[in-house]
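Source file: structure.txt; contents: compact mmCIF, C-alpha atoms (C1' of nucleotides).
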```txt
# COMPACT_ATOMS: atom_id res chain seq x y z
CA MET A 22 0.00 0.00 0.00
CA PRO A 23 2.02 2.70 -1.42
CA GLU A 24 3.16 5.79 0.40
CA LEU A 25 5.34 8.57 -0.95
CA PRO A 26 8.58 6.55 -1.23
CA GLU A 27 6.85 3.85 -3.26
CA VAL A 28 5.28 6.39 -5.57
CA GLU A 29 8.57 8.21 -6.01
CA THR A 30 10.33 4.92 -6.71
CA ILE A 31 7.77 4.12 -9.38
CA ARG A 32 8.18 7.56 -10.88
CA ARG A 33 11.94 7.20 -11.16
CA GLY A 34 11.70 3.63 -12.36
CA LEU A 35 9.15 4.29 -15.07
CA LEU A 36 10.98 7.29 -16.52
CA LYS A 37 13.28 5.22 -18.65
CA TYR A 38 10.54 2.91 -19.89
CA ILE A 39 7.61 5.12 -20.74
CA VAL A 40 8.83 8.67 -21.37
CA HIS A 41 8.80 9.46 -25.10
CA ARG A 42 6.66 6.41 -25.73
CA LYS A 43 3.37 6.66 -27.53
CA ILE A 44 0.08 5.32 -26.22
CA ASP A 45 -1.19 3.08 -29.04
CA ASP A 46 -4.22 1.74 -27.23
CA VAL A 47 -5.92 1.64 -23.85
CA GLU A 48 -7.82 -1.35 -22.58
CA VAL A 49 -10.18 -0.73 -19.69
CA LEU A 50 -10.97 -3.86 -17.72
CA CYS A 51 -12.62 -2.05 -14.82
CA GLU A 52 -14.68 1.02 -15.64
CA LYS A 53 -14.19 2.83 -12.36
CA SER A 54 -10.40 2.50 -12.54
CA LEU A 55 -10.07 4.88 -15.48
CA VAL A 56 -11.86 8.20 -15.06
CA GLY A 57 -12.35 9.92 -18.40
CA GLU A 58 -12.55 8.85 -22.01
CA LYS A 59 -9.71 6.67 -23.17
CA GLU A 60 -10.09 7.97 -26.73
CA LYS A 61 -8.63 11.27 -25.54
CA ILE A 62 -5.25 9.75 -24.80
CA VAL A 63 -4.84 7.21 -27.60
CA GLY A 64 -2.13 8.47 -29.92
CA ALA A 65 -0.58 10.79 -27.35
CA GLU A 66 3.08 10.73 -26.42
CA ILE A 67 4.26 10.66 -22.82
CA LEU A 68 6.43 13.67 -22.04
CA GLY A 69 7.35 13.14 -18.42
CA ILE A 70 6.29 12.02 -14.95
CA THR A 71 6.03 14.16 -11.85
CA ARG A 72 4.64 13.54 -8.40
CA LYS A 73 2.59 15.45 -5.85
CA GLY A 74 2.42 13.69 -2.52
CA LYS A 75 1.22 10.18 -3.29
CA ALA A 76 -0.19 11.13 -6.69
CA LEU A 77 1.68 10.52 -9.93
CA LEU A 78 1.20 12.89 -12.84
CA VAL A 79 1.97 11.53 -16.29
CA GLU A 80 2.15 14.41 -18.71
CA LEU A 81 1.09 13.88 -22.32
CA ASP A 82 1.85 15.91 -25.44
CA ASN A 83 -1.79 16.83 -26.04
CA GLY A 84 -2.33 19.01 -23.00
CA LEU A 85 -3.67 16.18 -20.89
CA VAL A 86 -2.31 14.56 -17.76
CA LEU A 87 -2.89 11.11 -16.32
CA MET A 88 -3.26 11.49 -12.59
CA VAL A 89 -2.60 8.16 -10.90
CA HIS A 90 -3.42 7.44 -7.28
CA LEU A 91 -2.62 3.92 -6.11
CA ARG A 92 -4.46 4.21 -2.79
CA MET A 93 -4.21 0.92 -0.86
CA THR A 94 -3.42 -1.77 -3.40
CA GLY A 95 -2.53 -0.08 -6.67
CA GLN A 96 0.47 -1.09 -8.74
CA LEU A 97 2.08 0.02 -11.96
CA ILE A 98 3.90 -2.65 -13.89
CA PHE A 99 5.75 -2.09 -17.13
CA LEU A 100 6.29 -5.09 -19.32
CA GLY A 101 8.54 -4.75 -22.35
CA LYS A 102 11.99 -6.06 -23.00
CA GLU A 103 12.46 -5.56 -19.27
CA ARG A 104 10.02 -5.67 -16.40
CA PHE A 105 9.54 -3.00 -13.79
CA ALA A 106 6.98 -3.21 -11.01
CA GLY A 107 6.16 -0.99 -8.07
CA GLY A 108 3.38 -0.24 -5.61
CA HIS A 109 1.53 -2.70 -3.45
CA PRO A 110 3.90 -5.66 -3.19
CA ASN A 111 2.34 -8.96 -4.17
CA GLU A 112 2.61 -11.73 -6.73
CA ASN A 113 1.42 -9.45 -9.52
CA PHE A 114 4.99 -8.16 -9.55
CA VAL A 115 6.02 -11.45 -11.13
CA ASP A 116 2.76 -12.97 -12.43
CA GLU A 117 1.73 -13.16 -16.04
CA LEU A 118 -0.30 -10.10 -16.97
CA PRO A 119 -3.03 -9.18 -17.43
CA ASN A 120 -4.60 -11.10 -14.58
CA LYS A 121 -7.77 -10.70 -12.55
CA GLN A 122 -6.43 -7.66 -10.70
CA THR A 123 -5.51 -5.82 -13.87
CA ARG A 124 -7.78 -2.79 -14.28
CA VAL A 125 -6.27 -0.83 -17.16
CA VAL A 126 -3.72 -1.74 -19.81
CA PHE A 127 -1.87 1.03 -21.66
CA ARG A 128 -0.39 -0.43 -24.81
CA LEU A 129 2.66 1.62 -25.69
CA ASP A 130 4.75 1.42 -28.83
CA ASP A 131 7.44 -0.40 -26.88
CA GLY A 132 5.66 -2.44 -24.24
CA LYS A 133 2.64 -2.42 -21.98
CA LEU A 134 1.90 -0.55 -18.79
CA PHE A 135 -0.47 -2.34 -16.44
CA PHE A 136 -2.48 -0.63 -13.75
CA ASN A 137 -3.35 -3.34 -11.25
CA ASP A 138 -5.43 -2.77 -8.15
CA GLN A 139 -6.85 -5.54 -6.01
CA ARG A 140 -9.31 -3.40 -4.07
CA LYS A 141 -10.18 -0.87 -6.80
CA PHE A 142 -9.70 2.13 -4.53
CA GLY A 143 -7.05 3.54 -6.79
CA PHE A 144 -7.61 5.19 -10.15
CA VAL A 145 -6.15 6.78 -13.21
CA LYS A 146 -7.84 10.05 -14.08
CA ILE A 147 -7.54 11.96 -17.34
CA ILE A 148 -7.41 15.70 -16.68
CA GLU A 149 -6.41 18.90 -18.44
CA LYS A 150 -2.94 20.04 -17.50
CA ASP A 151 -4.33 23.42 -16.46
CA GLU A 152 -6.74 21.72 -14.11
CA VAL A 153 -4.19 19.71 -12.14
CA GLU A 154 -3.92 22.39 -9.48
CA ASN A 155 -7.68 22.45 -9.10
CA GLU A 156 -8.01 18.76 -8.41
CA PRO A 157 -9.39 18.60 -4.87
CA PHE A 158 -6.71 16.18 -3.67
CA ILE A 159 -3.89 18.30 -5.11
CA LYS A 160 -5.40 21.58 -4.10
CA LYS A 161 -5.65 20.68 -0.43
CA LEU A 162 -2.34 18.83 -0.32
CA ALA A 163 0.09 20.14 2.31
CA LYS A 164 3.84 20.51 1.80
CA GLU A 165 6.08 17.48 1.87
CA PRO A 166 8.50 17.16 4.80
CA TRP A 167 11.39 18.44 2.68
CA GLU A 168 9.55 21.68 1.99
CA MET A 169 8.17 21.97 5.51
CA ASP A 170 9.78 24.10 8.17
CA GLY A 171 9.68 22.74 11.73
CA GLN A 172 8.23 26.01 12.96
CA GLU A 173 5.50 25.94 10.36
CA PHE A 174 4.62 22.35 11.21
CA PHE A 175 4.49 23.27 14.89
CA GLU A 176 2.06 26.10 14.19
CA THR A 177 -0.19 23.80 12.20
CA LEU A 178 -0.18 21.29 15.04
CA GLN A 179 -1.03 23.98 17.58
CA LYS A 180 -4.22 24.76 15.70
CA LYS A 181 -5.36 21.16 15.68
CA LYS A 182 -6.50 18.93 18.46
CA VAL A 183 -6.10 15.45 17.08
CA THR A 184 -3.68 12.68 17.85
CA ILE A 185 -0.26 13.12 16.28
CA LYS A 186 -0.84 9.87 14.43
CA ALA A 187 -3.98 11.27 12.77
CA ALA A 188 -2.17 14.50 11.94
CA LEU A 189 0.73 12.72 10.24
CA LEU A 190 -1.68 10.63 8.20
CA ASP A 191 -3.57 13.75 7.12
CA GLN A 192 -2.30 14.77 3.69
CA ASN A 193 -3.56 18.29 4.33
CA VAL A 194 -1.23 18.64 7.34
CA ILE A 195 1.91 17.08 5.88
CA ALA A 196 2.11 15.21 2.59
CA GLY A 197 3.47 11.80 1.80
CA LEU A 198 3.28 9.78 4.99
CA GLY A 199 1.00 6.79 5.28
CA ASN A 200 0.49 4.25 8.02
CA ILE A 201 3.99 2.78 7.92
CA TYR A 202 6.10 5.91 7.71
CA THR A 203 3.93 7.58 10.33
CA ASP A 204 4.68 4.81 12.80
CA GLU A 205 8.35 4.81 11.88
CA THR A 206 8.59 8.57 12.25
CA LEU A 207 6.98 8.48 15.68
CA TYR A 208 9.23 5.62 16.71
CA MET A 209 12.30 7.59 15.70
CA THR A 210 11.21 10.61 17.67
CA LYS A 211 10.06 8.57 20.69
CA ILE A 212 6.62 10.10 20.60
CA ASN A 213 3.51 8.19 21.57
CA PRO A 214 1.09 7.99 18.65
CA LYS A 215 -1.85 9.07 20.84
CA THR A 216 -0.22 12.33 21.91
CA ARG A 217 -2.43 15.33 21.15
CA THR A 218 -0.99 17.67 18.57
CA ASP A 219 -1.31 20.67 20.88
CA LYS A 220 0.95 18.89 23.37
CA ILE A 221 3.75 18.53 20.84
CA SER A 222 6.60 20.94 21.59
CA LEU A 223 8.38 23.04 19.00
CA ALA A 224 11.47 20.89 19.45
CA GLN A 225 9.43 17.75 18.87
CA ALA A 226 7.73 19.21 15.82
CA LYS A 227 11.14 19.94 14.35
CA GLU A 228 12.31 16.43 15.15
CA ILE A 229 9.25 14.93 13.48
CA VAL A 230 9.85 16.80 10.24
CA VAL A 231 13.49 15.73 10.18
CA ALA A 232 12.63 12.13 11.04
CA ALA A 233 9.96 11.95 8.36
CA ARG A 234 12.50 13.11 5.78
CA GLU A 235 15.04 10.56 6.96
CA VAL A 236 12.62 7.67 7.06
CA MET A 237 11.29 8.34 3.59
CA ASN A 238 14.68 9.15 2.10
CA LYS A 239 15.98 5.85 3.35
CA SER A 240 13.07 4.00 1.83
CA ILE A 241 13.53 5.75 -1.50
CA GLU A 242 17.20 4.77 -1.43
CA LEU A 243 16.20 1.18 -0.83
CA GLY A 244 13.78 1.41 -3.73
CA GLY A 245 10.42 1.26 -1.94
CA SER A 246 8.40 -1.82 -2.68
CA THR A 247 9.56 -2.76 -6.15
CA ILE A 248 10.11 -6.01 -7.90
CA LYS A 249 13.80 -5.72 -7.05
CA ASN A 250 13.44 -6.13 -3.33
CA TYR A 251 10.32 -8.27 -3.53
CA VAL A 252 12.10 -11.08 -5.32
CA LYS A 253 15.34 -11.93 -3.59
CA ALA A 254 18.43 -13.16 -5.37
CA ASP A 255 17.57 -16.78 -4.65
CA GLY A 256 14.11 -16.37 -6.14
CA THR A 257 12.23 -16.36 -2.84
CA ARG A 258 9.98 -13.49 -1.79
CA GLY A 259 11.29 -10.93 0.60
CA ASN A 260 9.62 -8.23 2.62
CA TYR A 261 11.33 -4.93 2.12
CA LEU A 262 9.88 -3.69 5.40
CA ASP A 263 12.42 -5.92 7.10
CA LEU A 264 15.09 -3.71 5.62
CA PHE A 265 14.20 -0.66 7.63
CA ALA A 266 11.00 -0.88 9.69
CA LYS A 267 11.79 -0.70 13.39
CA ALA A 268 8.21 -0.68 14.65
CA TYR A 269 5.72 -1.33 11.85
CA GLY A 270 4.70 -4.95 11.63
CA ARG A 271 6.81 -5.95 14.61
CA GLU A 272 4.18 -6.65 17.21
CA GLY A 273 5.57 -8.65 20.10
CA GLU A 274 9.17 -8.13 19.04
CA LYS A 275 11.79 -6.41 21.16
CA CYS A 276 12.47 -2.74 20.57
CA GLU A 277 16.02 -2.61 19.25
CA ARG A 278 16.59 0.70 21.01
CA CYS A 279 15.47 -0.04 24.56
CA GLY A 280 14.53 -3.70 24.64
CA GLY A 281 10.89 -2.87 25.41
CA LYS A 282 8.01 -4.57 23.70
CA ILE A 283 6.54 -3.38 20.41
CA LYS A 284 2.79 -3.16 20.82
CA LYS A 285 -0.01 -2.95 18.32
CA ILE A 286 -2.98 -0.74 19.08
CA ARG A 287 -5.61 1.14 17.10
CA VAL A 288 -5.21 4.89 16.64
CA ALA A 289 -7.07 7.05 14.15
CA GLY A 290 -8.74 3.88 12.96
CA ARG A 291 -5.47 2.33 11.85
CA GLY A 292 -3.29 -0.45 13.16
CA THR A 293 -0.49 1.32 15.02
CA TYR A 294 2.83 -0.07 16.19
CA TYR A 295 4.93 1.56 18.87
CA CYS A 296 7.30 0.74 21.70
CA GLU A 297 5.49 0.89 25.00
CA GLU A 298 8.74 1.66 26.81
CA CYS A 299 10.41 4.43 24.87
CA GLN A 300 7.39 6.07 23.27
CA LYS A 301 5.59 7.32 26.35
C1' DC B 18 -14.06 21.99 15.63
C1' DT B 19 -13.38 16.76 16.96
C1' DA B 20 -13.85 11.57 17.16
C1' DG B 21 -15.56 7.71 15.29
C1' DG B 22 -17.58 5.01 12.02
C1' DA B 23 -18.93 3.67 7.37
C1' DT B 24 -17.68 3.46 2.68
C1' DC B 25 -15.42 2.18 -1.64
C1' DC B 26 -13.49 -3.32 -2.96
C1' DT B 27 -10.97 -7.96 -2.96
C1' DG B 28 -8.28 -11.18 -0.64
C1' DT B 29 -6.10 -13.54 3.20
C1' DC B 30 -5.71 -15.30 7.57
C1' DA B 31 -7.09 -16.83 12.25
C1' DG B 32 -10.45 -19.16 14.83
C1' DC B 33 -14.15 -22.14 15.37
C1' DT C 14 -13.57 -28.34 4.75
C1' DG C 15 -16.42 -24.37 5.30
C1' DC C 16 -17.94 -20.45 7.51
C1' DT C 17 -17.16 -15.98 9.93
C1' DG C 18 -15.10 -11.90 11.27
C1' DA C 19 -11.13 -9.02 11.36
C1' DC C 20 -7.96 -6.69 8.97
C1' DA C 21 -5.40 -4.44 5.15
C1' DG C 22 0.95 0.87 3.60
C1' DG C 23 -5.79 5.49 1.51
C1' DA C 24 -8.99 9.08 1.41
C1' DT C 25 -13.60 10.85 1.85
C1' DC C 26 -17.98 11.46 3.67
C1' DC C 27 -21.38 11.27 7.29
C1' DT C 28 -23.04 11.58 11.99
C1' DA C 29 -22.98 12.69 16.82
```

Written as structure tokens, that's how I'd like the structure from this file.
Amino acid sequence: MPELPEVETIRRGLLKYIVHRKIDDVEVLCEKSLVGEKEKIVGAEILGITRKGKALLVELDNGLVLMVHLRMTGQLIFLGKERFAGGHPNENFVDELPNKQTRVVFRLDDGKLFFNDQRKFGFVKIIEKDEVENEPFIKKLAKEPWEMDGQEFFETLQKKKVTIKAALLDQNVIAGLGNIYTDETLYMTKINPKTRTDKISLAQAKEIVVAAREVMNKSIELGGSTIKNYVKADGTRGNYLDLFAKAYGREGEKCERCGGKIKKIRVAGRGTYYCEECQK
DNA sequence: CTAGGATCCTGTCAGC
DNA sequence: TGCTGACAGGATCCTA
């Protein structure tokens, strides 16, 4: 379930495969997964790929943009002479495609781009380039941690009265974090996920911004959840979370920092992992 | 304003 | 084996 690092990894990975390629045909296997008329993009050339928070923007040469949001289980998989897969890590990364989770197929002049999405929450939306900024999701999107000043973040938190976990998940407060990187950020800063935002000090707010950058930078360096770290060298399946997650998914394990126990609770409606000893 | 829940979907896993 | 409920890396909408 892709967060900013996964989306950024996909963006970088797809650049070399789909930029300057032409869209020869579009096959829609699930109506709700492609918003807009496919006829508008057939024949267009892909000029570039940018990203805003967790949304990918594929710019075409006809004034249109494909806005892709993977939500919980979306994936983009390019299949040509080489294979590149990113997004929600599962067997689709290596399966024959299309399969039953394939929602849209973009046939390019040099391969195929598959939009897969088990739960159908994600989508590809065809919009005018001029209208990108007016898309509700984009319009309300906050700054990413790299653009965010600790002071500014602190002031935003002061105005809210939610748990810090909810605030970090809120794309209108800070952009890019999802359930995993939120837990990892709070673990790094030793802050309890249930702490009210108005109880967060300026120093802590600054630490959170820095930690969020570090956590996501590290994940981007490792390549997010891509085919590369999903399939290990020996052919078995790996979990790239093992590479860096200190708290997420480690219920019952020992905290590597203090030896305390990693607990799983529910905060802001989401499964939340934290160390009961050092995140008081 | 907030918290909390439901919703959109499919799939997997634990427990009986 | 089959059923059931819980849960899942997101975001939005509704209600109290």

Show me, as a PDB file with C-alpha atoms, in the frame of the given file, the residues of chain A whose atoms get within 8 Å of chain B, using only C-alpha atoms (C1' of nucleotides) for the distance check.
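Produced file part31.pdb, reproduced below:
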```pdb
ATOM      1  CA  GLN A 139      -6.850  -5.540  -6.010  1.00  0.00           C
ATOM      2  CA  ARG A 140      -9.310  -3.400  -4.070  1.00  0.00           C
ATOM      3  CA  LYS A 141     -10.180  -0.870  -6.800  1.00  0.00           C
ATOM      4  CA  PHE A 142      -9.700   2.130  -4.530  1.00  0.00           C
ATOM      5  CA  LYS A 182      -6.500  18.930  18.460  1.00  0.00           C
ATOM      6  CA  VAL A 183      -6.100  15.450  17.080  1.00  0.00           C
TER       7      VAL A 183
END
```

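Nearest-residue note for chain C: choosing from A:Asn83, A:Asn137, A:Gln300, A:Thr203, the minimum distance belongs to A:Thr203, counting all atoms listed in the file.
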
> Within 6 Å of chain C, which residues of chain A show up when using only C-alpha atoms (C1' of nucleotides), listed as number ranges by chain?
Replying inline: A: 22-23, 92-93, 200-201

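Counting only C-alpha atoms (C1' of nucleotides), range 259-272 of chain A has the following residues at most 7 Å away, ignoring those fewer than 6 positions along the same chain: Ile201, Asp204, Glu205, Tyr208, Ser246, Asn250, Tyr251, Val252, Lys253, Ile283, Lys284, Lys285, Tyr294 and Tyr295 of chain A.
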
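If you look at CA of Ile159 in chain A and CA of Ala76 in chain A, they are 8.2 Å away from each other.
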
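Counting from CA of Leu190 in chain A, the distance to CA of Phe136 in chain A is 24.7 Å.
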
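With CA of Leu178 in chain A on one side and CA of Ala226 in chain A on the other, the separation reads 8.2 Å.
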
> Which polymer residues have any atom within 12 Å of an atom of Glu176 in chain A, counting all atoms listed in the file, with same-chain residues fewer than 4 positions away left out, as a ChimeraX atom specification?
Replying inline: /A:169-172,180-182,194,218-224,226-227
